[in-house]
file protein-v4.txt (compact mmCIF, C-alpha atoms)
# COMPACT_ATOMS: atom_id res chain seq x y z
CA MET A 1 72.51 122.26 93.54
CA VAL A 2 76.21 121.85 94.28
CA VAL A 3 76.25 118.07 93.85
CA GLU A 4 74.61 118.36 90.46
CA SER A 5 77.66 120.23 89.20
CA LEU A 6 79.48 116.91 89.24
CA GLY A 7 77.66 116.11 86.02
CA SER A 8 75.63 113.15 84.87
CA ILE A 9 76.46 111.05 87.94
CA GLY A 10 75.38 113.77 90.34
CA SER A 11 71.99 112.18 90.95
CA LEU A 12 73.65 108.85 91.65
CA VAL A 13 76.17 110.08 94.24
CA SER A 14 73.32 111.76 96.11
CA SER A 15 71.44 108.48 96.52
CA PRO A 16 72.05 105.46 98.78
CA TRP A 17 72.84 103.40 95.70
CA ILE A 18 76.28 104.99 95.56
CA TYR A 19 77.42 102.67 98.37
CA ALA A 20 76.37 99.59 96.42
CA LEU A 21 77.98 100.88 93.24
CA VAL A 22 81.24 101.69 95.03
CA ALA A 23 81.26 98.27 96.72
CA VAL A 24 80.65 96.38 93.47
CA SER A 25 83.22 98.44 91.57
CA VAL A 26 85.93 98.00 94.22
CA LEU A 27 85.09 94.31 94.60
CA LEU A 28 85.34 93.60 90.88
CA ASP A 29 88.25 95.83 89.87
CA ILE A 30 90.66 93.18 91.13
CA PHE A 31 89.43 91.12 88.16
CA LEU A 32 88.95 94.11 85.83
CA PRO A 33 91.45 96.83 86.83
CA VAL A 34 89.89 99.17 84.24
CA LEU A 35 86.82 99.67 86.42
CA PRO A 36 86.74 103.25 87.75
CA SER A 37 86.47 102.40 91.45
CA GLY A 38 88.84 105.19 92.47
CA VAL A 39 86.87 107.67 90.39
CA LEU A 40 83.62 106.67 92.09
CA VAL A 41 85.08 106.87 95.60
CA ILE A 42 86.59 110.29 94.98
CA THR A 43 83.43 111.63 93.31
CA ALA A 44 81.25 110.43 96.19
CA ALA A 45 83.64 111.97 98.73
CA THR A 46 83.57 115.25 96.80
CA ALA A 47 79.78 115.17 97.01
CA ALA A 48 80.06 114.61 100.77
CA ALA A 49 82.22 117.73 101.00
CA ALA A 50 79.53 119.65 99.11
CA GLY A 51 76.91 118.50 101.58
CA SER A 52 78.95 119.48 104.61
CA GLY A 53 79.61 122.89 103.06
CA ALA A 54 75.92 123.45 102.46
CA ALA A 55 75.11 122.47 106.03
CA ALA A 56 77.73 124.86 107.39
CA ALA A 57 76.18 127.66 105.32
CA GLY A 58 72.79 127.00 106.90
CA ARG A 59 71.29 125.30 103.86
CA VAL A 60 69.75 121.86 103.89
CA PRO A 61 72.08 119.66 101.80
CA ASP A 62 71.04 116.93 99.44
CA ASP A 63 71.26 113.34 100.62
CA VAL A 64 75.04 113.08 100.18
CA PRO A 65 77.27 110.16 101.14
CA ASP A 66 78.61 109.76 104.64
CA ILE A 67 82.42 109.69 104.46
CA LEU A 68 82.82 107.12 107.25
CA VAL A 69 80.32 104.73 105.67
CA LEU A 70 81.91 105.33 102.28
CA THR A 71 85.39 104.52 103.64
CA LEU A 72 84.26 101.34 105.38
CA CYS A 73 82.27 100.28 102.33
CA ALA A 74 85.25 100.68 99.98
CA ALA A 75 87.68 99.05 102.43
CA THR A 76 85.41 96.04 103.05
CA ALA A 77 84.83 95.50 99.33
CA SER A 78 88.59 95.71 98.74
CA VAL A 79 89.28 92.96 101.27
CA LEU A 80 86.49 90.75 99.93
CA GLY A 81 87.89 91.08 96.41
CA ASP A 82 91.37 90.19 97.65
CA LEU A 83 90.04 87.11 99.41
CA ALA A 84 88.09 86.01 96.33
CA VAL A 85 91.22 86.02 94.17
CA TYR A 86 93.28 84.51 96.99
CA ARG A 87 90.89 81.54 97.30
CA LEU A 88 90.61 81.07 93.54
CA ALA A 89 94.39 81.08 93.23
CA TRP A 90 94.72 78.69 96.19
CA ARG A 91 92.56 76.19 94.33
CA GLY A 92 94.05 77.00 90.93
CA GLY A 93 95.91 73.75 90.45
CA PRO A 94 98.86 72.86 88.22
CA ARG A 95 97.68 74.93 85.24
CA LEU A 96 97.81 78.15 87.23
CA ASP A 97 101.16 77.14 88.74
CA ARG A 98 102.60 76.70 85.26
CA ALA A 99 101.22 80.09 84.21
CA ILE A 100 102.92 81.70 87.20
CA ALA A 101 106.18 79.91 86.40
CA ARG A 102 106.13 81.26 82.81
CA SER A 103 105.85 84.87 84.04
CA ARG A 104 109.06 86.38 85.39
CA ARG A 105 107.09 89.19 87.01
CA LEU A 106 104.75 86.83 88.86
CA THR A 107 107.57 84.49 89.84
CA THR A 108 109.58 87.38 91.28
CA ALA A 109 106.49 88.70 93.07
CA GLN A 110 105.83 85.26 94.50
CA GLU A 111 109.32 85.02 95.96
CA ARG A 112 109.29 88.53 97.41
CA LEU A 113 105.78 88.34 98.82
CA GLY A 114 106.35 84.91 100.34
CA GLY A 115 109.46 86.12 102.12
CA ALA A 116 107.80 89.33 103.30
CA LEU A 117 104.79 87.53 104.74
CA ALA A 118 106.93 84.85 106.36
CA ARG A 119 108.93 87.56 108.14
CA GLY A 120 105.71 89.19 109.33
CA GLY A 121 106.28 92.26 107.18
CA GLY A 122 103.44 92.73 104.74
CA ALA A 123 104.14 96.34 103.82
CA LEU A 124 104.44 95.09 100.24
CA VAL A 125 100.74 94.17 100.32
CA VAL A 126 99.82 97.71 101.40
CA LEU A 127 102.13 99.29 98.82
CA ALA A 128 100.76 97.09 96.04
CA ARG A 129 97.20 98.23 96.79
CA PHE A 130 98.05 101.65 95.37
CA ALA A 131 99.99 100.40 92.33
CA PRO A 132 98.13 99.68 89.06
CA ALA A 133 97.07 96.00 89.10
CA GLY A 134 99.31 95.48 92.14
CA ARG A 135 96.39 94.29 94.25
CA SER A 136 95.58 91.60 91.68
CA VAL A 137 99.17 90.36 91.52
CA VAL A 138 99.62 90.21 95.30
CA SER A 139 96.36 88.35 95.94
CA LEU A 140 97.07 85.93 93.11
CA VAL A 141 100.60 85.25 94.31
CA ALA A 142 99.56 84.83 97.94
CA GLY A 143 97.00 82.22 96.90
CA THR A 144 99.22 80.26 94.52
CA ALA A 145 102.01 80.23 97.13
CA HIS A 146 99.49 78.87 99.67
CA ARG A 147 100.36 81.52 102.20
CA ARG A 148 98.36 81.12 105.39
CA ILE A 149 95.28 83.29 105.67
CA ARG A 150 96.45 84.78 108.97
CA GLU A 151 99.58 86.00 107.20
CA PHE A 152 97.69 87.61 104.32
CA LEU A 153 94.34 88.82 105.68
CA PRO A 154 95.53 91.44 108.22
CA TRP A 155 97.74 93.10 105.61
CA SER A 156 94.96 92.97 103.03
CA ALA A 157 92.63 94.67 105.53
CA LEU A 158 95.23 97.34 106.30
CA ALA A 159 95.85 97.88 102.59
CA GLY A 160 92.13 98.21 101.82
CA LEU A 161 91.57 100.64 104.69
CA ALA A 162 94.61 102.75 103.76
CA TRP A 163 93.55 102.97 100.11
CA ALA A 164 89.93 103.74 100.95
CA ALA A 165 90.83 106.37 103.55
CA TYR A 166 93.32 108.03 101.20
CA SER A 167 90.85 108.09 98.30
CA VAL A 168 88.00 109.45 100.43
CA ALA A 169 90.29 112.06 101.99
CA LEU A 170 91.41 113.23 98.54
CA GLY A 171 87.84 113.69 97.34
CA TYR A 172 86.56 115.22 100.56
CA PHE A 173 89.32 117.76 101.15
CA GLY A 174 89.56 118.50 97.44
CA GLY A 175 85.86 119.35 97.53
CA GLN A 176 86.33 121.45 100.66
CA TRP A 177 89.16 123.48 99.16
CA LEU A 178 88.15 123.70 95.49
CA GLY A 179 84.38 123.23 95.70
CA ALA A 180 82.28 120.34 94.42
CA THR A 181 83.38 120.67 90.80
CA TRP A 182 85.10 118.54 88.21
CA LEU A 183 88.27 120.51 88.96
CA ALA A 184 88.29 119.21 92.53
CA ALA A 185 87.63 115.66 91.37
CA GLY A 186 90.32 115.97 88.68
CA VAL A 187 92.97 117.23 91.09
CA SER A 188 92.10 114.43 93.53
CA LEU A 189 92.37 111.82 90.78
CA VAL A 190 95.79 113.15 89.76
CA ALA A 191 96.89 112.75 93.39
CA LEU A 192 95.50 109.19 93.45
CA PHE A 193 97.24 108.23 90.21
CA GLY A 194 100.40 109.89 91.47
CA ALA A 195 100.33 107.69 94.55
CA GLY A 196 99.89 104.67 92.27
CA ALA A 197 102.87 105.66 90.16
CA GLY A 198 104.95 106.19 93.28
CA ALA A 199 103.95 102.81 94.68
CA ALA A 200 104.84 101.08 91.39
CA TYR A 201 108.23 102.81 91.39
CA LEU A 202 108.98 101.71 94.97
CA MET A 203 107.94 98.14 94.18
CA ARG A 204 110.31 98.05 91.20
CA ARG A 205 113.16 99.33 93.35
CA GLN A 206 112.59 96.87 96.18
CA PRO A 207 114.41 93.93 94.57
CA ARG A 208 117.56 96.08 94.26
CA ALA A 209 117.37 97.00 97.91
CA THR A 210 116.93 93.33 98.78
CA GLU A 211 119.95 92.33 96.68
CA ALA A 212 122.09 95.08 98.27
CA SER A 213 121.23 93.86 101.75

call {"tool": "encode", "arguments": {"input": "protein-v4.txt", "output": "structure tokens"}}
result
Amino acid sequence: MVVESLGSIGSLVSSPWIYALVAVSVLLDIFLPVLPSGVLVITAATAAAAGSGAAAAGRVPDDVPDILVLTLCAATASVLGDLAVYRLAWRGGPRLDRAIARSRRLTTAQERLGGALARGGGALVVLARFAPAGRSVVSLVAGTAHRRIREFLPWSALAGLAWAAYSVALGYFGGQWLGATWLAAGVSLVALFGAGAGAAYLMRRQPRATEAS
């Protein structure tokens, strides 16, 4: 079958357990950024493209993931992970505050994020969701700075939804255009990592723009 061409995880993406695996991976990768949550989301979306293609051709597709459910699952898990780190950092105490103070990167992020949230502009939270480990830094800083939940949560939800929708769209349309193969998944992953590199670059440039203004 088409989904089986995705390799050893083909049987997994064609079962309901893929939602649980995606949710757990996205939830935990804020603590362990090495977890392949993006890979799982893209692979599942590629399998969904295979199923829709089989249906359009008049064949009965395997039980492939639903892209809407997959998007909502990944977005919800992303927000829950953000909130977990936010609450842990909120209760971190003096030891965590001292660790933040010893890190120039975290101190700078704390200042920038605090100002952005106070002004009602949390685009930095959305941008950081695409950058490597950016989600972890933003949630940690928001908690240690004791930013109000109503300042952080809406932007975290927007960030999670944007990341999930982008990842699912990459896998789905990659599968539509290139077929449900490792080539489609590979091209989609390159696009996802490219977005992460671009987000990291923009975040590094932001302090210069702030100083110039």

call {"tool": "atom_distance", "arguments": {"input": "protein-v4.txt", "atom1": "atom CA of Asp82 of chain A", "atom2": "atom CA of Gly38 of chain A"}}
result
16.1 Å

call {"tool": "closest_residue", "arguments": {"input": "protein-v4.txt", "among": "A:Thr144, A:Ile42, A:Asp66, A:Ser25", "to": "Val190 of chain A", "atoms": "all atoms listed in the file"}}
result
A:Ile42

call {"tool": "atom_distance", "arguments": {"input": "protein-v4.txt", "atom1": "atom CA of Val187 of chain A", "atom2": "atom CA of Pro36 of chain A"}}
result
15.7 Å

call {"tool": "atom_distance", "arguments": {"input": "protein-v4.txt", "atom1": "atom CA of Ile18 of chain A", "atom2": "atom CA of Ala195 of chain A"}}
result
24.2 Å

call {"tool": "closest_residue", "arguments": {"input": "protein-v4.txt", "among": "A:Ala191, A:Ile149, A:Leu158, A:Val168", "to": "Leu40 of chain A", "atoms": "all atoms listed in the file"}}
result
A:Val168

call {"tool": "closest_residue", "arguments": {"input": "protein-v4.txt", "among": "A:Ala49, A:Val34, A:Cys73, A:Ala165", "to": "Trp17 of chain A", "atoms": "only C-alpha atoms"}}
result
A:Cys73

call {"tool": "residues_around", "arguments": {"input": "protein-v4.txt", "residues": "Ala74 of chain A", "least_positions_apart": "5", "cutoff": "12 Å", "atoms": "only C-alpha atoms", "output": "PyMOL selection string"}}
result
chain A and resi 18-29+37-42+44-45+67-69+79-81+157+159-168

call {"tool": "residues_around", "arguments": {"input": "protein-v4.txt", "residues": "segment 130-139 of chain A", "least_positions_apart": "6", "cutoff": "7 Å", "atoms": "all atoms listed in the file", "output": "PyMOL selection string"}}
result
chain A and resi 30+33+82+85-86+163+195-197+199-200
